[in-house]
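Reproduced below: start-v2.cif, with mmCIF, C-alpha atoms and all ligand atoms.
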data_start
#
loop_
_atom_site.group_PDB
_atom_site.id
_atom_site.type_symbol
_atom_site.label_atom_id
_atom_site.label_comp_id
_atom_site.auth_asym_id
_atom_site.auth_seq_id
_atom_site.Cartn_x
_atom_site.Cartn_y
_atom_site.Cartn_z
ATOM 1 C CA MET A 1 -9.725 -8.282 -29.875
ATOM 2 C CA ILE A 2 -9.877 -5.481 -27.285
ATOM 3 C CA ASN A 3 -10.914 -2.111 -28.619
ATOM 4 C CA LEU A 4 -11.079 1.027 -26.533
ATOM 5 C CA GLN A 5 -12.832 3.809 -28.439
ATOM 6 C CA ASN A 6 -12.673 7.394 -27.201
ATOM 7 C CA ILE A 7 -12.968 6.396 -23.573
ATOM 8 C CA ASN A 8 -13.294 9.082 -20.912
ATOM 9 C CA LYS A 9 -13.315 8.985 -17.136
ATOM 10 C CA LYS A 10 -13.515 11.807 -14.643
ATOM 11 C CA ILE A 11 -13.116 11.299 -10.908
ATOM 12 C CA GLU A 12 -14.317 14.127 -8.699
ATOM 13 C CA ASP A 13 -14.470 16.468 -11.726
ATOM 14 C CA ARG A 14 -10.869 15.754 -12.660
ATOM 15 C CA ILE A 15 -10.155 14.166 -16.051
ATOM 16 C CA ILE A 16 -8.304 10.898 -15.367
ATOM 17 C CA ILE A 17 -8.719 9.133 -18.730
ATOM 18 C CA ASP A 18 -8.855 11.555 -21.619
ATOM 19 C CA ASN A 19 -10.459 10.390 -24.861
ATOM 20 C CA LEU A 20 -8.214 7.346 -25.054
ATOM 21 C CA ASN A 21 -8.084 4.908 -27.981
ATOM 22 C CA LEU A 22 -6.306 1.561 -27.875
ATOM 23 C CA SER A 23 -6.456 -1.695 -29.823
ATOM 24 C CA VAL A 24 -4.978 -4.909 -28.499
ATOM 25 C CA LYS A 25 -4.813 -8.032 -30.662
ATOM 26 C CA LYS A 26 -5.452 -11.571 -29.476
ATOM 27 C CA GLY A 27 -2.266 -13.096 -28.072
ATOM 28 C CA GLU A 28 -0.574 -9.754 -27.615
ATOM 29 C CA PHE A 29 1.440 -8.876 -24.500
ATOM 30 C CA VAL A 30 0.940 -5.164 -23.972
ATOM 31 C CA VAL A 31 2.533 -3.041 -21.262
ATOM 32 C CA ILE A 32 1.319 0.336 -20.020
ATOM 33 C CA MET A 33 3.865 2.635 -18.391
ATOM 34 C CA GLY A 34 3.644 6.134 -17.005
ATOM 35 C CA LYS A 35 4.233 8.252 -13.933
ATOM 36 C CA SER A 36 2.385 7.649 -10.692
ATOM 37 C CA GLY A 37 -1.059 9.209 -11.017
ATOM 38 C CA SER A 38 -1.098 9.126 -14.839
ATOM 39 C CA GLY A 39 -4.214 6.913 -14.838
ATOM 40 C CA LYS A 40 -2.813 3.406 -15.365
ATOM 41 C CA SER A 41 -4.805 1.623 -12.650
ATOM 42 C CA THR A 42 -7.932 3.550 -13.621
ATOM 43 C CA LEU A 43 -7.488 2.401 -17.215
ATOM 44 C CA LEU A 44 -7.166 -1.269 -16.178
ATOM 45 C CA LYS A 45 -10.233 -0.965 -13.932
ATOM 46 C CA LEU A 46 -12.240 0.458 -16.836
ATOM 47 C CA ILE A 47 -11.173 -2.410 -19.126
ATOM 48 C CA GLY A 48 -12.100 -4.906 -16.382
ATOM 49 C CA GLY A 49 -15.489 -3.292 -15.800
ATOM 50 C CA LEU A 50 -14.657 -2.397 -12.199
ATOM 51 C CA LEU A 51 -15.252 1.260 -12.998
ATOM 52 C CA LYS A 52 -17.842 2.666 -15.365
ATOM 53 C CA LEU A 53 -16.936 4.823 -18.361
ATOM 54 C CA ASP A 54 -18.282 8.369 -18.599
ATOM 55 C CA SER A 55 -18.293 8.021 -22.381
ATOM 56 C CA GLY A 56 -16.763 5.958 -25.173
ATOM 57 C CA ARG A 57 -16.929 2.253 -25.869
ATOM 58 C CA ILE A 58 -15.086 -0.904 -24.885
ATOM 59 C CA ILE A 59 -15.449 -3.699 -27.391
ATOM 60 C CA ILE A 60 -14.081 -7.170 -26.715
ATOM 61 C CA ASP A 61 -14.527 -9.911 -29.317
ATOM 62 C CA LYS A 62 -17.080 -7.772 -31.166
ATOM 63 C CA MET A 63 -19.207 -7.378 -28.000
ATOM 64 C CA GLU A 64 -19.757 -3.924 -26.606
ATOM 65 C CA ILE A 65 -19.079 -4.900 -23.038
ATOM 66 C CA SER A 66 -19.172 -1.328 -21.786
ATOM 67 C CA LYS A 67 -22.947 -1.671 -22.122
ATOM 68 C CA PHE A 68 -23.102 -4.599 -19.688
ATOM 69 C CA ASP A 69 -24.785 -4.135 -16.328
ATOM 70 C CA THR A 70 -22.907 -5.016 -13.130
ATOM 71 C CA ASN A 71 -24.118 -8.633 -13.000
ATOM 72 C CA ARG A 72 -23.280 -9.389 -16.597
ATOM 73 C CA TRP A 73 -19.880 -7.802 -16.103
ATOM 74 C CA ALA A 74 -19.217 -10.002 -13.077
ATOM 75 C CA ASP A 75 -20.104 -13.155 -15.045
ATOM 76 C CA TYR A 76 -18.019 -12.055 -18.006
ATOM 77 C CA ARG A 77 -15.046 -11.291 -15.793
ATOM 78 C CA LEU A 78 -15.165 -14.603 -13.952
ATOM 79 C CA GLU A 79 -15.181 -16.580 -17.183
ATOM 80 C CA ASN A 80 -12.890 -14.507 -19.384
ATOM 81 C CA MET A 81 -10.604 -12.301 -17.326
ATOM 82 C CA GLY A 82 -7.866 -12.788 -14.786
ATOM 83 C CA ILE A 83 -7.115 -9.641 -12.843
ATOM 84 C CA VAL A 84 -4.078 -8.945 -10.655
ATOM 85 C CA PHE A 85 -4.854 -5.883 -8.566
ATOM 86 C CA GLN A 86 -2.234 -3.394 -7.414
ATOM 87 C CA ASP A 87 -3.423 -3.956 -3.821
ATOM 88 C CA PHE A 88 -3.817 -7.757 -4.370
ATOM 89 C CA GLN A 89 -7.445 -7.977 -3.095
ATOM 90 C CA LEU A 90 -6.986 -11.352 -1.445
ATOM 91 C CA LEU A 91 -9.443 -12.813 1.034
ATOM 92 C CA ASP A 92 -8.045 -12.373 4.518
ATOM 93 C CA VAL A 93 -10.015 -15.172 6.132
ATOM 94 C CA PHE A 94 -8.598 -17.781 3.742
ATOM 95 C CA THR A 95 -5.269 -19.558 3.294
ATOM 96 C CA THR A 96 -3.000 -19.206 0.264
ATOM 97 C CA TYR A 97 -4.436 -22.369 -1.296
ATOM 98 C CA GLU A 98 -8.055 -21.363 -0.617
ATOM 99 C CA ASN A 99 -7.489 -17.951 -2.201
ATOM 100 C CA ILE A 100 -5.967 -19.519 -5.296
ATOM 101 C CA ILE A 101 -8.769 -21.996 -5.923
ATOM 102 C CA PHE A 102 -11.596 -19.583 -5.004
ATOM 103 C CA PRO A 103 -12.461 -18.263 -8.516
ATOM 104 C CA SER A 104 -12.351 -21.778 -9.984
ATOM 105 C CA LYS A 105 -14.686 -23.091 -7.282
ATOM 106 C CA ILE A 106 -17.190 -20.372 -8.205
ATOM 107 C CA LEU A 107 -16.865 -20.879 -11.966
ATOM 108 C CA LYS A 108 -17.222 -24.688 -11.619
ATOM 109 C CA LYS A 109 -15.884 -25.342 -15.107
ATOM 110 C CA GLU A 110 -13.227 -27.830 -14.128
ATOM 111 C CA SER A 111 -13.346 -30.815 -11.792
ATOM 112 C CA ASN A 112 -12.038 -30.503 -8.230
ATOM 113 C CA ASP A 113 -9.124 -32.787 -9.090
ATOM 114 C CA ILE A 114 -8.016 -30.617 -11.994
ATOM 115 C CA ILE A 115 -8.368 -27.436 -9.915
ATOM 116 C CA LYS A 116 -6.336 -28.993 -7.108
ATOM 117 C CA SER A 117 -3.567 -30.216 -9.360
ATOM 118 C CA LYS A 118 -3.341 -26.924 -11.270
ATOM 119 C CA ALA A 119 -3.215 -24.957 -8.002
ATOM 120 C CA ASN A 120 -0.418 -27.178 -6.703
ATOM 121 C CA THR A 121 1.585 -26.808 -9.919
ATOM 122 C CA TYR A 122 1.259 -23.007 -9.792
ATOM 123 C CA ILE A 123 2.095 -22.914 -6.072
ATOM 124 C CA LYS A 124 5.326 -24.782 -6.797
ATOM 125 C CA MET A 125 6.137 -22.590 -9.784
ATOM 126 C CA ALA A 126 5.685 -19.421 -7.702
ATOM 127 C CA ASN A 127 7.781 -20.716 -4.766
ATOM 128 C CA LEU A 128 4.859 -20.772 -2.367
ATOM 129 C CA VAL A 129 4.960 -24.378 -1.167
ATOM 130 C CA ARG A 130 5.770 -23.402 2.430
ATOM 131 C CA GLU A 131 3.019 -20.790 2.393
ATOM 132 C CA LYS A 132 0.314 -23.053 0.958
ATOM 133 C CA ASN A 133 -1.640 -23.558 4.183
ATOM 134 C CA LYS A 134 -0.778 -20.270 5.854
ATOM 135 C CA ASN A 135 -3.388 -17.621 6.364
ATOM 136 C CA ILE A 136 -3.013 -14.754 3.870
ATOM 137 C CA ARG A 137 -2.343 -12.357 6.768
ATOM 138 C CA GLU A 138 0.856 -14.280 7.569
ATOM 139 C CA LEU A 139 2.364 -13.744 4.105
ATOM 140 C CA SER A 140 4.933 -11.122 3.073
ATOM 141 C CA GLY A 141 4.067 -8.503 0.435
ATOM 142 C CA GLY A 142 5.902 -10.373 -2.314
ATOM 143 C CA GLU A 143 4.262 -13.671 -1.344
ATOM 144 C CA LYS A 144 0.800 -12.085 -1.435
ATOM 145 C CA GLN A 145 1.609 -10.643 -4.825
ATOM 146 C CA ARG A 146 2.495 -14.085 -6.176
ATOM 147 C CA VAL A 147 -0.752 -15.526 -4.764
ATOM 148 C CA ALA A 148 -2.734 -12.744 -6.491
ATOM 149 C CA PHE A 149 -0.816 -13.438 -9.691
ATOM 150 C CA ILE A 150 -1.414 -17.167 -9.926
ATOM 151 C CA ARG A 151 -5.057 -16.814 -8.850
ATOM 152 C CA ALA A 152 -5.577 -14.716 -11.998
ATOM 153 C CA PHE A 153 -4.445 -17.617 -14.208
ATOM 154 C CA MET A 154 -6.497 -20.374 -12.572
ATOM 155 C CA ASN A 155 -9.528 -20.153 -14.886
ATOM 156 C CA ASN A 156 -7.450 -20.058 -18.106
ATOM 157 C CA PRO A 157 -8.683 -16.523 -18.841
ATOM 158 C CA LYS A 158 -8.683 -15.144 -22.378
ATOM 159 C CA ILE A 159 -7.558 -11.797 -21.018
ATOM 160 C CA ILE A 160 -5.207 -10.987 -18.153
ATOM 161 C CA LEU A 161 -5.120 -7.512 -16.642
ATOM 162 C CA ALA A 162 -2.208 -7.135 -14.271
ATOM 163 C CA ASP A 163 -1.434 -4.014 -12.258
ATOM 164 C CA GLU A 164 2.252 -3.965 -11.323
ATOM 165 C CA PRO A 165 2.339 -7.730 -10.690
ATOM 166 C CA THR A 166 6.080 -7.700 -9.999
ATOM 167 C CA GLY A 167 6.146 -4.480 -7.946
ATOM 168 C CA SER A 168 7.024 -6.244 -4.667
ATOM 169 C CA LEU A 169 9.198 -9.002 -6.139
ATOM 170 C CA ASP A 170 12.930 -9.611 -6.320
ATOM 171 C CA TYR A 171 14.632 -10.182 -9.661
ATOM 172 C CA LYS A 172 14.466 -13.994 -9.513
ATOM 173 C CA ASN A 173 10.742 -14.135 -8.724
ATOM 174 C CA SER A 174 9.987 -11.486 -11.385
ATOM 175 C CA GLN A 175 11.874 -13.613 -13.889
ATOM 176 C CA ILE A 176 9.850 -16.712 -12.927
ATOM 177 C CA LEU A 177 6.581 -14.835 -13.453
ATOM 178 C CA ILE A 178 7.717 -13.351 -16.771
ATOM 179 C CA ASP A 179 8.662 -16.828 -18.039
ATOM 180 C CA PHE A 180 5.313 -18.156 -16.847
ATOM 181 C CA ILE A 181 3.436 -15.343 -18.623
ATOM 182 C CA SER A 182 5.294 -15.889 -21.908
ATOM 183 C CA LYS A 183 4.623 -19.636 -21.810
ATOM 184 C CA SER A 184 0.950 -19.239 -20.838
ATOM 185 C CA ILE A 185 0.286 -16.631 -23.539
ATOM 186 C CA LYS A 186 1.909 -18.839 -26.161
ATOM 187 C CA GLU A 187 0.112 -22.023 -25.132
ATOM 188 C CA LEU A 188 -3.353 -20.573 -24.542
ATOM 189 C CA GLY A 189 -3.316 -17.589 -26.931
ATOM 190 C CA GLN A 190 -4.043 -15.266 -24.031
ATOM 191 C CA THR A 191 -3.991 -11.501 -24.264
ATOM 192 C CA MET A 192 -2.139 -9.608 -21.545
ATOM 193 C CA ILE A 193 -2.361 -5.966 -20.540
ATOM 194 C CA MET A 194 0.129 -5.196 -17.799
ATOM 195 C CA VAL A 195 0.994 -2.037 -15.931
ATOM 196 C CA THR A 196 4.585 -1.933 -14.746
ATOM 197 C CA HIS A 197 7.284 0.508 -13.651
ATOM 198 C CA ASP A 198 9.982 -2.071 -14.350
ATOM 199 C CA SER A 199 11.740 -1.614 -17.704
ATOM 200 C CA TYR A 200 13.125 -5.143 -17.570
ATOM 201 C CA VAL A 201 9.589 -6.545 -17.313
ATOM 202 C CA ALA A 202 8.353 -4.160 -20.029
ATOM 203 C CA ALA A 203 11.172 -5.262 -22.356
ATOM 204 C CA ASN A 204 9.477 -8.678 -22.584
ATOM 205 C CA ALA A 205 6.256 -7.246 -24.037
ATOM 206 C CA ASP A 206 5.239 -6.973 -27.687
ATOM 207 C CA LYS A 207 4.215 -3.343 -27.320
ATOM 208 C CA VAL A 208 4.663 -0.678 -24.667
ATOM 209 C CA TYR A 209 2.276 2.277 -24.423
ATOM 210 C CA PHE A 210 3.200 5.369 -22.430
ATOM 211 C CA LEU A 211 0.442 7.141 -20.556
ATOM 212 C CA LYS A 212 0.487 10.780 -19.469
ATOM 213 C CA ASP A 213 -2.457 12.660 -17.990
ATOM 214 C CA GLY A 214 -4.841 9.949 -19.166
ATOM 215 C CA GLN A 215 -3.636 9.938 -22.774
ATOM 216 C CA ILE A 216 -1.325 7.604 -24.680
ATOM 217 C CA ILE A 217 1.517 9.838 -25.772
ATOM 218 C CA SER A 218 3.904 7.299 -27.294
ATOM 219 C CA LYS A 219 4.338 3.663 -28.189
ATOM 220 C CA LEU A 220 7.164 1.173 -28.698
ATOM 221 C CA VAL A 221 6.901 -1.997 -30.753
ATOM 222 C CA LEU A 222 9.532 -4.432 -29.473
ATOM 223 C CA ASP A 223 11.423 -7.091 -31.338
ATOM 224 C CA LYS A 224 11.864 -10.108 -29.065
ATOM 225 C CA SER A 225 13.729 -12.363 -31.453
ATOM 226 C CA SER A 226 16.857 -12.847 -29.319
ATOM 227 C CA ASN A 227 18.398 -12.381 -25.888
ATOM 228 C CA GLU A 228 20.567 -9.564 -27.235
ATOM 229 C CA ARG A 229 17.387 -7.831 -28.318
ATOM 230 C CA LEU A 230 16.110 -7.980 -24.739
ATOM 231 C CA ASN A 231 18.954 -5.734 -23.536
ATOM 232 C CA GLU A 232 18.344 -3.326 -26.404
ATOM 233 C CA ASN A 233 14.649 -3.302 -25.521
ATOM 234 C CA ILE A 234 15.422 -2.392 -21.901
ATOM 235 C CA ASP A 235 17.425 0.580 -23.218
ATOM 236 C CA LEU A 236 14.627 1.614 -25.567
ATOM 237 C CA VAL A 237 12.046 1.479 -22.766
ATOM 238 C CA GLN A 238 14.256 3.433 -20.359
ATOM 239 C CA LYS A 239 14.952 6.143 -22.945
ATOM 240 C CA GLU A 240 11.260 6.527 -23.726
ATOM 241 C CA LEU A 241 10.398 6.651 -20.016
ATOM 242 C CA LEU A 242 12.958 9.375 -19.481
ATOM 243 C CA LYS A 243 11.463 11.357 -22.362
ATOM 244 C CA ILE A 244 7.929 11.245 -20.992
ATOM 245 C CA THR A 245 8.854 11.915 -17.378
ATOM 246 C CA THR A 246 11.158 14.885 -17.921
HETATM 247 N N1 LIG B 1 -11.412 6.809 -6.115
HETATM 248 C C1 LIG B 1 -10.685 7.904 -6.361
HETATM 249 N N2 LIG B 1 -10.989 9.085 -5.765
HETATM 250 C C2 LIG B 1 -10.254 10.198 -6.026
HETATM 251 N N3 LIG B 1 -9.212 10.244 -6.863
HETATM 252 C C3 LIG B 1 -8.868 9.099 -7.478
HETATM 253 C C4 LIG B 1 -9.581 7.870 -7.265
HETATM 254 N N4 LIG B 1 -9.016 6.905 -8.029
HETATM 255 C C5 LIG B 1 -7.988 7.499 -8.676
HETATM 256 N N5 LIG B 1 -7.910 8.807 -8.360
HETATM 257 C C6 LIG B 1 -6.905 9.760 -8.867
HETATM 258 O O1 LIG B 1 -6.761 9.548 -10.256
HETATM 259 C C7 LIG B 1 -5.392 9.677 -10.652
HETATM 260 C C8 LIG B 1 -4.985 8.413 -11.404
HETATM 261 O O2 LIG B 1 -4.991 7.327 -10.500
HETATM 262 P P1 LIG B 1 -4.449 5.890 -10.884
HETATM 263 O O3 LIG B 1 -4.619 5.032 -9.698
HETATM 264 O O4 LIG B 1 -5.099 5.465 -12.150
HETATM 265 O O5 LIG B 1 -2.904 6.221 -11.157
HETATM 266 P P2 LIG B 1 -1.714 5.234 -11.535
HETATM 267 O O6 LIG B 1 -1.165 5.691 -12.849
HETATM 268 O O7 LIG B 1 -2.158 3.838 -11.423
HETATM 269 O O8 LIG B 1 -0.620 5.568 -10.403
HETATM 270 P P3 LIG B 1 0.400 4.576 -9.609
HETATM 271 O O9 LIG B 1 1.575 4.365 -10.544
HETATM 272 O O10 LIG B 1 0.790 5.383 -8.413
HETATM 273 O O11 LIG B 1 -0.311 3.320 -9.251
HETATM 274 C C9 LIG B 1 -4.612 9.906 -9.379
HETATM 275 O O12 LIG B 1 -4.285 11.281 -9.285
HETATM 276 C C10 LIG B 1 -5.540 9.488 -8.266
HETATM 277 O O13 LIG B 1 -5.331 10.233 -7.105
HETATM 278 MG MG MG B 2 -1.729 2.310 -10.140
#
Before anything else, please render the file you have as structure tokens.
Amino acid sequence: MINLQNINKKIEDRIIIDNLNLSVKKGEFVVIMGKSGSGKSTLLKLIGGLLKLDSGRIIIDKMEISKFDTNRWADYRLENMGIVFQDFQLLDVFTTYENIIFPSKILKKESNDIIKSKANTYIKMANLVREKNKNIRELSGGEKQRVAFIRAFMNNPKIILADEPTGSLDYKNSQILIDFISKSIKELGQTMIMVTHDSYVAANADKVYFLKDGQIISKLVLDKSSNERLNENIDLVQKELLKITT
């Protein structure tokens, strides 16, 4: 479904993404791991069209979207992608609720009643009921992160790109979001590409790719058939991380 073909990106003459190839199937939950500065956020921004490739191609559903101009990209993103940014990118002048419904109000695909009820369900799920009518500036880091997370799911996107969506969360809230992701992917056939430093979160994915200096240097395919497997997967991820960082 998502095909990255020989993609390259330099920033200020430094190679950040180095001739990278990656294929992600529909319905797959893929995690990208790697040291700070290895190019993970840059890679997600390229897939989401927020940065332009220097060369290579990005093909989604047989469309070469890397050829899109900025406007077409913006339309495509609104309709098909949910993005959770590392720095949240919430609108400071709005409340929690207003931030969450904002993309759906622009897309205008669902009725106001449906948008409202979905937002309220997600707000409850993410433990944000008390924060619903607060201004975004009044929220803690972890609360803002949960707002950014559920906003990305509001338009039922085909693709979710999430940059460390549990980075500021405690174990319980991370667990809630992981359960939500698994359920949403299953029900809607969504495709998820997530960057994380957390091996517990990564252990829930179908595949984990390890990035170093803008290249994928190894890959794990995880078996998620049982709870016992989850613990083994955490071990596998941690061992692989140790290998690539030492
Ligand atoms: N706009 C920019 N200007 C200059 N350098 C940049 C810019 N964006 C990214 N870089 C550099 O590119 C490299 C990769 O950045 P990127 O944000 O993709 O890393 P990352 O793997 O997401 O790291 P982290 O785990 O810390 O979030 C870094 O060395 C960073 O300093
Ligand atoms: Mg990053």
Taking all atoms listed in the file into account, which residues are within 7 Å of ligand LIG 1 (chain B), as a list in words? Ile11, Glu12, Ile16, Gly34, Lys35, Ser36, Gly37, Ser38, Gly39, Lys40, Ser41, Thr42 and Leu43 of chain A
Might you pull out every residue within 7 Å of Ser168 in chain A, with only C-alpha atoms counted and same-chain residues fewer than 4 positions away left off, and present them as a PyMOL selection string? chain A and resi 141-142+145
For the PyMOL selection byres (((chain A and resi 66-75) around 9) and not hetatm), applied here, can you spell out every residue it catches as a ChimeraX atom specification? /A:46-50,52-53,56-59,63-65,76-80,107
Would you kindly translate the PyMOL selection byres (((chain A and resi 100) around 10) and not hetatm) into the concrete residues it picks from this file, as a PyMOL selection string? chain A and resi 90-91+94-99+101-105+115-116+118-120+122-123+132+147-154
What's the 10 Å shell around Leu44 in chain A, counting all atoms listed in the file, without same-chain residues fewer than 5 positions away, as a list in words?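 Those residues are Ile32, Gly39, Gly49, Leu50, Leu51, Ile83, Val84, Phe85, Leu161, Ala162, Asp163, Ile193, Met194 and Val195 of chain A.
Proximity to Ala202 in chain A was assessed for A:Asp235, A:Asp113, A:Glu143, A:Asp13 counting all atoms listed in the file; the smallest distance is recorded for A:Asp235.
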Quick one: what's the axis-aligned box for range 206-212 of chain A, all listed atoms, 4 Å on every side, centre and edges in Å to one decimal, as JSON?
{"center_x": 2.8, "center_y": 1.9, "center_z": -23.6, "size_x": 12.8, "size_y": 25.8, "size_z": 16.2}
